[in-house]
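Contents: one structure, followed by commentary.
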Amino acid sequence: MRCPFCSHMEDRVVDSRASREGRAVRRRRECLECGRRYTTYEYIEERPLRVVKRNGEIAQYDRRKLLTSIEVAAAKRPIGAADIDAIVEEIERELDRSDDTDIPSGRLGEMVMARLKSRDHIAYVRFASVYRNFQDLTEFYEEIRELDEKSARSAMRRYQEELPLGAAAGREAERGAE
Ligand SMILES: [Zn+2]
């Protein structure tokens, strides 16, 4: 770090601690040339991921919204909080590997469905039926944000009433959306 007082390039860290609720590391540094102290903050680089709705509107990617939409679909299924975290981690890692910062909401939905499908078929069908019903994940977030968990589940049941929850249910859900 270049000293803000004398521009010397060498320093020593005299104190290092978590800051801003763990989202930053605060380091107190001492210049090896002039001995004056200054503070630096280290953050994880945030990628400005954005979700593009089907109508072209753009919203900031929101991890909490993605988690909630999966939690509702996975309610009372053998998919725990750790699995849901892992799904979101996987999706974010995949998005990090690509250079796109604008993610079509349809692609985000497909990424969730692909992962639910391999973990729990019922959660997959719930997610797919509601998601495809709304045709837009952002709309779905907004809808379920308004509901508590119990009414979210009964809303979900309404949306999937005509969908059989059997072995071919995934394909049924896809056909149902056409
Ligand atoms: Zn200095």
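The way I read the labels, and the way they are meant: chains A, B, ... in the order of the structure tokens, residue 1 as the first residue of every chain, and ligand 1 as the first ligand shown, with later ones counted on from there.
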Could you build a table of the residues in range 36-133 of chain A lying no more than 7 Å from range 18-26 of chain A, giving for each the nearest pair of atoms and their separation in Å rounded to one decimal place, using only C-alpha atoms, ordered by chain and ascending residue number, as a tab-separated table?
```
residue	atom	partner	partner_atom	distance
A:Thr39	CA	A:Arg26	CA	6.9
A:Thr40	CA	A:Arg26	CA	5.9
A:Tyr41	CA	A:Arg26	CA	4.6
A:Glu42	CA	A:Val25	CA	5.1
A:Tyr43	CA	A:Ala24	CA	4.9
```
Output file for the selection above: all heavy atoms, as a compact mmCIF listing (two decimals), in the first residue's frame:
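Saved result, out22.txt, follows:
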```
# COMPACT_ATOMS: atom_id res chain seq x y z
N THR A 39 -5.54 3.51 7.59
CA THR A 39 -6.45 2.36 7.64
C THR A 39 -6.86 1.95 6.24
O THR A 39 -7.12 2.80 5.39
CB THR A 39 -7.73 2.74 8.43
OG1 THR A 39 -7.33 3.19 9.73
CG2 THR A 39 -8.67 1.56 8.57
N THR A 40 -6.89 0.64 5.99
CA THR A 40 -7.43 0.14 4.71
C THR A 40 -8.55 -0.85 5.01
O THR A 40 -8.59 -1.46 6.08
CB THR A 40 -6.35 -0.57 3.87
OG1 THR A 40 -5.80 -1.64 4.63
CG2 THR A 40 -5.24 0.39 3.45
N TYR A 41 -9.45 -0.98 4.06
CA TYR A 41 -10.53 -1.95 4.17
C TYR A 41 -10.44 -2.91 3.00
O TYR A 41 -10.20 -2.50 1.86
CB TYR A 41 -11.90 -1.25 4.13
CG TYR A 41 -12.21 -0.49 5.38
CD1 TYR A 41 -11.85 0.84 5.50
CD2 TYR A 41 -12.87 -1.11 6.45
CE1 TYR A 41 -12.12 1.55 6.66
CE2 TYR A 41 -13.14 -0.41 7.61
CZ TYR A 41 -12.77 0.92 7.71
OH TYR A 41 -13.05 1.61 8.85
N GLU A 42 -10.65 -4.17 3.30
CA GLU A 42 -10.63 -5.18 2.24
C GLU A 42 -12.03 -5.78 2.13
O GLU A 42 -12.60 -6.22 3.12
CB GLU A 42 -9.62 -6.27 2.62
CG GLU A 42 -9.42 -7.33 1.59
CD GLU A 42 -8.38 -8.34 2.08
OE1 GLU A 42 -7.23 -7.95 2.36
OE2 GLU A 42 -8.74 -9.53 2.21
N TYR A 43 -12.58 -5.77 0.90
CA TYR A 43 -13.92 -6.31 0.64
C TYR A 43 -13.86 -7.38 -0.42
O TYR A 43 -12.98 -7.37 -1.28
CB TYR A 43 -14.86 -5.22 0.07
CG TYR A 43 -15.11 -4.07 0.96
CD1 TYR A 43 -14.33 -2.93 0.89
CD2 TYR A 43 -16.17 -4.11 1.86
CE1 TYR A 43 -14.57 -1.84 1.70
CE2 TYR A 43 -16.43 -3.03 2.67
CZ TYR A 43 -15.63 -1.89 2.59
OH TYR A 43 -15.89 -0.83 3.39
```
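Pocket residues of ligand 1, taken as those with any atom at most 8 Å away using only C-alpha atoms and all ligand atoms, are Arg2, Cys3, Pro4, Phe5, Cys6, Ser7, His8, Glu30, Cys31, Leu32, Glu33, Cys34, Gly35 and Arg36 of chain A.
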**Q.** Distance in Å - CA of Ile84 in chain A versus CA of Glu57 in chain A
**A.** 26.7 Å
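Checking A:Ala114, A:Met9, A:Ala128, A:Ala123 one by one against Gly80 in chain A, counting only C-alpha atoms, you find the shortest gap at A:Ala123.
The residue that comes closest to Val112 in chain A, out of A:Ile87, A:Ala74, A:Val13, A:Ile58 and on the basis of only C-alpha atoms, is A:Ile87.
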